[in-house]
>>> print(open('target01.csv').read())   # CSV, C-alpha atoms
chain,number,residue,atom,x,y,z
S,1,MET,CA,-4.9,10.0,-29.9
S,2,SER,CA,-4.9,6.3,-29.8
S,3,GLY,CA,-2.0,3.8,-30.3
S,4,PHE,CA,0.0,5.9,-27.9
S,5,GLU,CA,2.8,4.6,-25.6
S,6,VAL,CA,5.3,6.2,-23.3
S,7,TYR,CA,8.2,4.4,-21.6
S,8,ASN,CA,10.3,5.7,-18.7
S,9,SER,CA,14.1,5.6,-18.4
S,10,ALA,CA,13.9,2.0,-17.0
S,11,GLY,CA,12.0,0.8,-20.1
S,12,ALA,CA,8.7,0.4,-18.2
S,13,LEU,CA,5.5,1.3,-20.0
S,14,THR,CA,4.0,4.2,-18.1
S,15,ILE,CA,1.3,5.6,-20.3
S,16,ASP,CA,-0.7,3.9,-23.1
S,17,SER,CA,-4.0,4.1,-24.9
S,18,THR,CA,-5.4,0.9,-23.5
S,19,ASN,CA,-5.1,1.2,-19.7
S,20,LYS,CA,-6.9,4.1,-17.9
S,21,SER,CA,-4.8,6.1,-15.5
S,22,ILE,CA,-5.8,6.3,-11.9
S,23,LEU,CA,-6.3,9.7,-10.4
S,24,THR,CA,-5.5,11.0,-6.9
S,25,GLY,CA,-8.5,11.5,-4.6
S,26,ALA,CA,-7.8,13.1,-1.2
S,27,VAL,CA,-5.7,12.8,1.9
S,28,LYS,CA,-7.4,11.0,4.8
S,29,ALA,CA,-6.4,11.0,8.4
S,30,MET,CA,-6.1,7.7,10.2
S,31,GLY,CA,-8.8,8.6,12.7
S,32,THR,CA,-9.1,7.4,16.3
S,33,LEU,CA,-8.2,3.7,16.5
S,34,THR,CA,-10.4,1.2,18.2
S,35,ASP,CA,-9.5,-1.8,20.5
S,36,GLN,CA,-6.0,-0.5,20.9
S,37,GLY,CA,-3.9,-2.8,23.0
S,38,TYR,CA,-6.3,-5.8,22.8
S,39,TYR,CA,-4.3,-8.1,20.6
S,40,THR,CA,-1.1,-8.6,22.7
S,41,GLY,CA,-1.0,-12.2,21.4
S,42,PHE,CA,-0.1,-10.9,18.0
S,43,THR,CA,3.7,-10.7,17.8
S,44,CYS,CA,6.4,-9.8,15.3
S,45,ALA,CA,10.0,-8.5,15.1
S,46,PHE,CA,8.8,-5.0,15.7
S,47,GLY,CA,6.7,-5.6,18.9
S,48,ASN,CA,3.3,-6.9,19.7
S,49,GLY,CA,-0.3,-6.0,19.0
S,50,GLY,CA,-0.6,-4.1,22.3
S,51,ALA,CA,0.8,-1.1,20.3
S,52,LEU,CA,-1.8,-1.4,17.6
S,53,GLY,CA,-5.5,-0.6,17.1
S,54,PHE,CA,-8.0,-0.9,14.3
S,55,LEU,CA,-8.9,1.8,11.8
S,56,PRO,CA,-12.4,3.2,12.3
S,57,PRO,CA,-14.8,2.0,9.6
S,58,ALA,CA,-15.2,5.5,8.1
S,59,THR,CA,-11.5,5.6,7.2
S,60,ILE,CA,-11.6,2.8,4.6
S,61,VAL,CA,-14.6,2.8,2.3
S,62,SER,CA,-15.3,1.9,-1.4
S,63,ARG,CA,-12.5,-0.5,-1.7
S,64,ASN,CA,-13.8,-1.8,-5.1
S,65,THR,CA,-13.2,1.6,-6.7
S,66,THR,CA,-10.7,3.2,-4.5
S,67,GLN,CA,-7.1,2.4,-4.0
S,68,TYR,CA,-5.5,3.4,-0.7
S,69,TRP,CA,-1.9,4.5,-0.1
S,70,PHE,CA,-0.3,4.9,3.4
S,71,GLN,CA,2.6,7.1,4.4
S,72,ILE,CA,4.4,6.2,7.6
S,73,GLN,CA,5.7,9.6,8.8
S,74,LYS,CA,7.4,8.6,12.1
S,75,ASP,CA,10.6,6.6,12.4
S,76,GLY,CA,10.0,3.5,14.3
S,77,GLY,CA,6.3,3.5,13.4
S,78,TRP,CA,4.9,0.1,12.2
S,79,CYS,CA,1.6,-1.5,11.2
S,80,PHE,CA,-0.1,-4.7,10.1
S,81,PRO,CA,-1.8,-2.9,7.2
S,82,GLY,CA,-3.7,-5.8,5.6
S,83,ALA,CA,-5.5,-6.4,8.9
S,84,GLU,CA,-6.1,-2.7,9.3
S,85,LEU,CA,-4.0,-2.6,12.5
S,86,PHE,CA,-1.8,0.5,13.0
S,87,GLN,CA,0.0,2.4,15.7
S,88,PRO,CA,-1.9,5.6,16.5
S,89,GLY,CA,-0.8,8.8,14.8
S,90,ILE,CA,2.0,7.4,12.7
S,91,GLY,CA,0.8,8.5,9.3
S,92,ARG,CA,-1.9,9.3,6.8
S,93,PHE,CA,-3.7,7.8,3.9
S,94,MET,CA,-4.1,9.0,0.3
S,95,THR,CA,-6.9,7.7,-2.0
S,96,SER,CA,-6.8,7.2,-5.7
S,97,THR,CA,-9.4,5.9,-8.1
S,98,HIS,CA,-9.7,4.4,-11.5
S,99,THR,CA,-13.3,5.6,-12.1
S,100,ALA,CA,-12.6,9.3,-12.3
S,101,THR,CA,-12.3,10.9,-15.8
S,102,PRO,CA,-9.2,13.0,-16.6
S,103,THR,CA,-9.6,16.6,-17.5
S,104,SER,CA,-9.3,17.2,-21.2
S,105,GLY,CA,-6.3,19.3,-22.2
S,106,TYR,CA,-3.0,19.1,-23.9
S,107,LEU,CA,-2.0,15.7,-25.2
S,108,ASP,CA,-5.3,13.8,-24.6
S,109,VAL,CA,-5.0,10.0,-24.9
S,110,PHE,CA,-8.1,8.0,-25.9
S,111,ASN,CA,-8.7,4.3,-25.9
S,112,ALA,CA,-10.1,2.4,-28.9
S,113,SER,CA,-13.6,3.3,-27.8
S,114,GLY,CA,-12.9,7.0,-27.8
S,115,THR,CA,-12.9,7.3,-24.0
S,116,LEU,CA,-10.4,9.8,-22.5
S,117,ILE,CA,-8.0,7.8,-20.3
S,118,TRP,CA,-5.0,10.2,-19.9
S,119,SER,CA,-4.2,13.8,-20.4
S,120,ALA,CA,-1.3,16.1,-19.6
S,121,ALA,CA,-3.8,18.4,-17.9
S,122,SER,CA,-4.5,15.7,-15.3
S,123,ALA,CA,-1.0,14.3,-15.0
S,124,ALA,CA,-0.2,16.1,-11.8
S,125,THR,CA,-3.1,14.4,-10.1
S,126,MET,CA,-1.8,10.9,-10.8
S,127,PRO,CA,0.3,8.8,-8.4
S,128,ARG,CA,4.0,8.7,-9.4
S,129,ILE,CA,5.2,5.2,-9.0
S,130,GLN,CA,8.8,5.6,-7.9
S,131,GLY,CA,9.8,2.1,-6.9
S,132,PHE,CA,8.7,-0.9,-4.9
S,133,LEU,CA,9.2,-2.6,-1.5
S,134,THR,CA,10.6,-5.7,-3.1
S,135,VAL,CA,10.7,-9.2,-1.5
S,136,PRO,CA,13.0,-11.2,-3.8
S,137,ALA,CA,12.0,-14.7,-5.0
S,138,ALA,CA,13.2,-17.5,-2.7
S,139,THR,CA,13.2,-15.2,0.3
S,140,ASP,CA,11.5,-16.6,3.4
S,141,LEU,CA,9.9,-13.5,4.8
S,142,SER,CA,9.2,-15.1,8.2
S,143,THR,CA,12.5,-13.4,9.0
S,144,ALA,CA,12.3,-9.6,8.7
S,145,ILE,CA,14.2,-8.0,5.9
S,146,THR,CA,15.2,-4.3,5.3
S,147,VAL,CA,14.7,-2.6,2.0
S,148,THR,CA,15.5,0.9,0.7
S,149,SER,CA,13.1,3.2,-1.0
S,150,PRO,CA,14.4,5.2,-4.0
S,151,VAL,CA,12.6,8.3,-2.6
S,152,ALA,CA,12.2,9.8,0.8
S,153,ASN,CA,8.8,9.5,2.7
S,154,PRO,CA,7.1,7.3,0.1
S,155,TRP,CA,3.4,6.3,0.2
S,156,PHE,CA,3.1,2.5,-0.1
S,157,CYS,CA,0.1,0.9,-1.7
S,158,TRP,CA,-1.9,-0.3,1.3
S,159,SER,CA,-4.3,-2.1,-1.1
S,160,GLN,CA,-1.6,-4.5,-2.1
S,161,CYS,CA,-0.7,-5.6,1.4
S,162,PRO,CA,-1.9,-9.1,2.4
S,163,GLY,CA,-3.1,-9.5,5.9
S,164,ASN,CA,-5.8,-11.2,8.0
S,165,LEU,CA,-6.7,-11.6,11.7
S,166,SER,CA,-9.3,-14.0,13.0
S,167,ASP,CA,-10.7,-14.2,16.5
S,168,ASP,CA,-13.4,-16.7,17.7
S,169,GLY,CA,-13.3,-15.2,21.3
S,170,GLU,CA,-10.8,-17.8,22.5
S,171,THR,CA,-8.1,-18.3,19.8
S,172,ILE,CA,-6.7,-15.8,17.4
S,173,GLY,CA,-5.1,-16.4,14.0
S,174,TYR,CA,-3.3,-14.1,11.8
S,175,SER,CA,-1.1,-14.0,8.7
S,176,GLY,CA,0.3,-11.2,6.5
S,177,ILE,CA,2.9,-8.5,6.1
S,178,VAL,CA,4.0,-6.1,8.8
S,179,ILE,CA,5.9,-2.9,7.8
S,180,ARG,CA,8.1,-0.7,9.9
S,181,ARG,CA,9.7,2.6,9.0
S,182,ASN,CA,13.3,2.9,10.1
S,183,SER,CA,14.0,6.2,8.4
S,184,SER,CA,12.6,8.2,5.5
S,185,THR,CA,14.1,5.7,3.0
S,186,SER,CA,14.6,2.5,5.0
S,187,PHE,CA,11.8,0.1,5.8
S,188,SER,CA,11.6,-3.4,7.3
S,189,LEU,CA,9.1,-6.1,6.3
S,190,GLN,CA,8.1,-9.4,7.9
S,191,TYR,CA,5.5,-12.0,7.2
S,192,VAL,CA,3.9,-13.2,10.4
S,193,ASN,CA,1.5,-16.0,11.1
S,194,LYS,CA,-0.2,-18.0,13.8
S,195,ASN,CA,-2.9,-20.6,13.2
S,196,GLN,CA,-2.9,-19.6,9.5
S,197,LYS,CA,-0.7,-20.2,6.5
S,198,THR,CA,3.1,-19.7,6.7
S,199,TYR,CA,4.8,-17.5,4.1
S,200,ARG,CA,6.0,-20.6,2.2
S,201,GLN,CA,2.5,-22.1,2.2
S,202,ALA,CA,1.0,-18.8,1.0
S,203,MET,CA,3.7,-17.7,-1.5
S,204,GLY,CA,5.9,-20.7,-2.2
S,205,ASN,CA,9.2,-19.4,-3.6
S,206,ASN,CA,7.7,-16.5,-5.3
S,207,GLY,CA,8.6,-12.9,-4.4
S,208,PHE,CA,6.3,-9.9,-4.5
S,209,GLN,CA,6.4,-6.1,-4.7
S,210,ILE,CA,4.4,-3.4,-3.0
S,211,ALA,CA,4.3,-0.1,-5.0
S,212,LEU,CA,5.8,3.1,-3.7
S,213,ALA,CA,4.5,6.4,-4.9
S,214,THR,CA,4.8,10.1,-4.5
S,215,PHE,CA,1.9,12.6,-5.0
S,216,THR,CA,2.4,16.1,-6.3
S,217,GLY,CA,2.0,18.6,-3.5
S,218,TYR,CA,2.3,16.1,-0.7
>>> encode(input="target01.csv", output="structure tokens")
Amino acid sequence: MSGFEVYNSAGALTIDSTNKSILTGAVKAMGTLTDQGYYTGFTCAFGNGGALGFLPPATIVSRNTTQYWFQIQKDGGWCFPGAELFQPGIGRFMTSTHTATPTSGYLDVFNASGTLIWSAASAATMPRIQGFLTVPAATDLSTAITVTSPVANPWFCWSQCPGNLSDDGETIGYSGIVIRRNSSTSFSLQYVNKNQKTYRQAMGNNGFQIALATFTGY
């Protein structure tokens, strides 16, 4: 059917016949980190870069068509996700994609061109957005804040996390969001920078959100 819309209890549009749903891909392990302990000059409220290492190249591929979600499974675990810097063994990735085609079945939803974009048969393979890590407008995230997840052990959308680290062999620069798990529902966030834009320069007085999801069976 086309011209179809479904809203959740909060009044948010969750399914329609215009936007294609994304489908779950597969769980991916972090892999063995590289250069762990090298960037001790990187500091934040949760520690320094000596605790972190880079993801191996094979972990993150096809970023144009694949969305990545990360689940921090250990209390106290933290990462600089946008720069692909993580503590070893603290969690796992889940992939999703907007290029896969749903399986036809009960309650098929088609767009105006007749392309199948949602079906109840594939609903269980779609990420369930349960809430957000929210930074309110006018917050200066250079100081860490703590936020509460509406569900335990959520997967946050790694693909939404800003972060960059530069190194010319003598001087490093970095900017972006670091995330720490305090408990299964409590997380702390901070924007850190050195030789790159401050939070206010990058975001002004705007807030932002990072999606939190659950995946059926995980």
>>> residues_around(input="target01.csv", residues="Thr134 (chain S)", least_positions_apart="6", cutoff="7 Å", atoms="all atoms listed in the file", output="VMD selection string")
chain S and resid 208 to 210
>>> residues_around(input="target01.csv", residues="region 84-98 of chain S", least_positions_apart="4", cutoff="9 Å", atoms="only C-alpha atoms", output="MDAnalysis selection string")
chainID S and resid 20:33 36 49 51:55 59 65:75 77:80 126:127 155 158 163:164 215
>>> atom_distance(input="target01.csv", atom1="CA of Gly207 (chain S)", atom2="CA of Val61 (chain S)")
28.8 Å
>>> atom_distance(input="target01.csv", atom1="CA of Ala121 (chain S)", atom2="CA of Thr216 (chain S)")
13.4 Å
>>> closest_residue(input="target01.csv", among="S:Gln130, S:Ser183, S:Ser142, S:Asn193", to="Asn8 (chain S)", atoms="all atoms listed in the file")
S:Gln130
>>> atom_distance(input="target01.csv", atom1="CA of Tyr191 (chain S)", atom2="CA of Pro162 (chain S)")
9.3 Å
>>> residues_around(input="target01.csv", residues="Thr198 (chain S)", least_positions_apart="6", cutoff="10 Å", atoms="only C-alpha atoms", output="JSON, numbers by chain")
{"S": [140, 141, 142, 174, 175, 176, 191, 192, 204]}
>>> residues_around(input="target01.csv", residues="Ser186 (chain S)", least_positions_apart="5", cutoff="9 Å", atoms="all atoms listed in the file", output="list in words")
Thr146, Val147, Thr148, Ser149, Ala152, Arg180 and Arg181 of chain S
>>> residues_around(input="target01.csv", residues="Thr139 (chain S)", least_positions_apart="3", cutoff="8 Å", atoms="only C-alpha atoms", output="PyMOL selection string")
chain S and resi 135-136+205-207
>>> closest_residue(input="target01.csv", among="S:Pro56, S:Gly131, S:Gln160, S:Ile172", to="Ala10 (chain S)", atoms="all atoms listed in the file")
S:Gly131
>>> closest_residue(input="target01.csv", among="S:Val6, S:Met203, S:Cys44, S:Leu212", to="Phe187 (chain S)", atoms="all atoms listed in the file")
S:Leu212
>>> residues_near_point(input="target01.csv", point="(-7.0, 4.3, -24.1)", cutoff="6 Å", atoms="only C-alpha atoms", output="short mmCIF file (atom, residue, chain, number, x, y, z; two decimals) with C-alpha atoms, in the frame of the given file")
data_model
loop_
_atom_site.label_atom_id
_atom_site.label_comp_id
_atom_site.auth_asym_id
_atom_site.auth_seq_id
_atom_site.Cartn_x
_atom_site.Cartn_y
_atom_site.Cartn_z
CA SER S 17 -4.00 4.10 -24.90
CA THR S 18 -5.40 0.90 -23.50
CA ASN S 19 -5.10 1.20 -19.70
CA PHE S 110 -8.10 8.00 -25.90
CA ASN S 111 -8.70 4.30 -25.90
CA ILE S 117 -8.00 7.80 -20.30
#
>>> closest_residue(input="target01.csv", among="S:Thr214, S:Asn153, S:Thr34, S:Ser188", to="Gly50 (chain S)", atoms="only C-alpha atoms")
S:Thr34
>>> closest_residue(input="target01.csv", among="S:Thr115, S:Gln190, S:Thr101, S:Asn195", to="Asp167 (chain S)", atoms="only C-alpha atoms")
S:Asn195
>>> decode(input="target01.csv", residues="region 82-93 of chain S", atoms="all heavy atoms", output="PDB file, in the first residue's frame")
ATOM      1  N   GLY S  82      34.089   8.897  16.976  1.00  0.00           N
ATOM      2  CA  GLY S  82      34.237   9.535  15.680  1.00  0.00           C
ATOM      3  C   GLY S  82      35.634   9.445  15.115  1.00  0.00           C
ATOM      4  O   GLY S  82      35.834   9.503  13.899  1.00  0.00           O
ATOM      5  N   ALA S  83      36.631   9.289  15.983  1.00  0.00           N
ATOM      6  CA  ALA S  83      38.024   9.152  15.559  1.00  0.00           C
ATOM      7  C   ALA S  83      38.456   7.684  15.520  1.00  0.00           C
ATOM      8  O   ALA S  83      39.631   7.386  15.322  1.00  0.00           O
ATOM      9  CB  ALA S  83      38.943   9.933  16.496  1.00  0.00           C
ATOM     10  N   GLU S  84      37.488   6.763  15.762  1.00  0.00           N
ATOM     11  CA  GLU S  84      37.725   5.316  15.733  1.00  0.00           C
ATOM     12  C   GLU S  84      38.722   4.871  16.805  1.00  0.00           C
ATOM     13  O   GLU S  84      39.484   3.922  16.622  1.00  0.00           O
ATOM     14  CB  GLU S  84      38.170   4.844  14.346  1.00  0.00           C
ATOM     15  CG  GLU S  84      37.159   5.156  13.256  1.00  0.00           C
ATOM     16  CD  GLU S  84      37.491   4.524  11.912  1.00  0.00           C
ATOM     17  OE1 GLU S  84      38.371   3.651  11.846  1.00  0.00           O
ATOM     18  OE2 GLU S  84      36.839   4.908  10.913  1.00  0.00           O
ATOM     19  N   LEU S  85      38.692   5.547  17.961  1.00  0.00           N
ATOM     20  CA  LEU S  85      39.543   5.200  19.086  1.00  0.00           C
ATOM     21  C   LEU S  85      38.696   4.602  20.210  1.00  0.00           C
ATOM     22  O   LEU S  85      37.724   5.235  20.670  1.00  0.00           O
ATOM     23  CB  LEU S  85      40.280   6.441  19.602  1.00  0.00           C
ATOM     24  CG  LEU S  85      41.486   6.906  18.773  1.00  0.00           C
ATOM     25  CD1 LEU S  85      41.897   8.316  19.189  1.00  0.00           C
ATOM     26  CD2 LEU S  85      42.659   5.941  18.940  1.00  0.00           C
ATOM     27  N   PHE S  86      39.066   3.408  20.648  1.00  0.00           N
ATOM     28  CA  PHE S  86      38.276   2.665  21.630  1.00  0.00           C
ATOM     29  C   PHE S  86      39.185   2.000  22.651  1.00  0.00           C
ATOM     30  O   PHE S  86      40.342   1.686  22.357  1.00  0.00           O
ATOM     31  CB  PHE S  86      37.454   1.569  20.935  1.00  0.00           C
ATOM     32  CG  PHE S  86      36.355   2.075  20.048  1.00  0.00           C
ATOM     33  CD1 PHE S  86      36.626   2.563  18.783  1.00  0.00           C
ATOM     34  CD2 PHE S  86      35.038   2.069  20.484  1.00  0.00           C
ATOM     35  CE1 PHE S  86      35.611   3.026  17.952  1.00  0.00           C
ATOM     36  CE2 PHE S  86      34.017   2.540  19.671  1.00  0.00           C
ATOM     37  CZ  PHE S  86      34.305   3.013  18.413  1.00  0.00           C
ATOM     38  N   GLN S  87      38.650   1.761  23.841  1.00  0.00           N
ATOM     39  CA  GLN S  87      39.308   0.856  24.764  1.00  0.00           C
ATOM     40  C   GLN S  87      39.120  -0.572  24.238  1.00  0.00           C
ATOM     41  O   GLN S  87      38.071  -0.899  23.664  1.00  0.00           O
ATOM     42  CB  GLN S  87      38.705   0.962  26.163  1.00  0.00           C
ATOM     43  CG  GLN S  87      39.115   2.186  26.947  1.00  0.00           C
ATOM     44  CD  GLN S  87      38.555   2.159  28.357  1.00  0.00           C
ATOM     45  OE1 GLN S  87      37.365   1.974  28.560  1.00  0.00           O
ATOM     46  NE2 GLN S  87      39.414   2.359  29.335  1.00  0.00           N
ATOM     47  N   PRO S  88      40.096  -1.434  24.424  1.00  0.00           N
ATOM     48  CA  PRO S  88      39.958  -2.802  23.903  1.00  0.00           C
ATOM     49  C   PRO S  88      38.880  -3.601  24.633  1.00  0.00           C
ATOM     50  O   PRO S  88      38.720  -3.485  25.853  1.00  0.00           O
ATOM     51  CB  PRO S  88      41.348  -3.409  24.141  1.00  0.00           C
ATOM     52  CG  PRO S  88      41.926  -2.609  25.267  1.00  0.00           C
ATOM     53  CD  PRO S  88      41.405  -1.223  25.092  1.00  0.00           C
ATOM     54  N   GLY S  89      38.130  -4.365  23.867  1.00  0.00           N
ATOM     55  CA  GLY S  89      37.198  -5.334  24.422  1.00  0.00           C
ATOM     56  C   GLY S  89      36.020  -4.788  25.178  1.00  0.00           C
ATOM     57  O   GLY S  89      35.394  -5.508  25.969  1.00  0.00           O
ATOM     58  N   ILE S  90      35.656  -3.509  24.950  1.00  0.00           N
ATOM     59  CA  ILE S  90      34.555  -2.950  25.739  1.00  0.00           C
ATOM     60  C   ILE S  90      33.188  -3.150  25.103  1.00  0.00           C
ATOM     61  O   ILE S  90      32.163  -2.877  25.735  1.00  0.00           O
ATOM     62  CB  ILE S  90      34.755  -1.449  26.020  1.00  0.00           C
ATOM     63  CG1 ILE S  90      34.789  -0.641  24.716  1.00  0.00           C
ATOM     64  CG2 ILE S  90      35.983  -1.212  26.861  1.00  0.00           C
ATOM     65  CD1 ILE S  90      34.666   0.861  24.944  1.00  0.00           C
ATOM     66  N   GLY S  91      33.125  -3.625  23.864  1.00  0.00           N
ATOM     67  CA  GLY S  91      31.818  -3.734  23.245  1.00  0.00           C
ATOM     68  C   GLY S  91      31.850  -4.367  21.873  1.00  0.00           C
ATOM     69  O   GLY S  91      32.813  -5.029  21.487  1.00  0.00           O
ATOM     70  N   ARG S  92      30.786  -4.136  21.123  1.00  0.00           N
ATOM     71  CA  ARG S  92      30.625  -4.745  19.804  1.00  0.00           C
ATOM     72  C   ARG S  92      29.818  -3.814  18.906  1.00  0.00           C
ATOM     73  O   ARG S  92      29.088  -2.937  19.373  1.00  0.00           O
ATOM     74  CB  ARG S  92      29.926  -6.094  19.932  1.00  0.00           C
ATOM     75  CG  ARG S  92      28.573  -6.029  20.650  1.00  0.00           C
ATOM     76  CD  ARG S  92      27.956  -7.389  20.844  1.00  0.00           C
ATOM     77  NE  ARG S  92      26.670  -7.282  21.553  1.00  0.00           N
ATOM     78  CZ  ARG S  92      25.790  -8.273  21.643  1.00  0.00           C
ATOM     79  NH1 ARG S  92      26.046  -9.446  21.061  1.00  0.00           N
ATOM     80  NH2 ARG S  92      24.646  -8.105  22.296  1.00  0.00           N
ATOM     81  N   PHE S  93      29.966  -4.035  17.621  1.00  0.00           N
ATOM     82  CA  PHE S  93      29.264  -3.257  16.611  1.00  0.00           C
ATOM     83  C   PHE S  93      28.090  -4.045  16.022  1.00  0.00           C
ATOM     84  O   PHE S  93      28.103  -5.274  15.997  1.00  0.00           O
ATOM     85  CB  PHE S  93      30.204  -2.884  15.458  1.00  0.00           C
ATOM     86  CG  PHE S  93      31.199  -1.815  15.792  1.00  0.00           C
ATOM     87  CD1 PHE S  93      32.462  -2.146  16.244  1.00  0.00           C
ATOM     88  CD2 PHE S  93      30.866  -0.480  15.672  1.00  0.00           C
ATOM     89  CE1 PHE S  93      33.387  -1.166  16.551  1.00  0.00           C
ATOM     90  CE2 PHE S  93      31.781   0.516  15.980  1.00  0.00           C
ATOM     91  CZ  PHE S  93      33.047   0.177  16.419  1.00  0.00           C
TER      92      PHE S  93
END
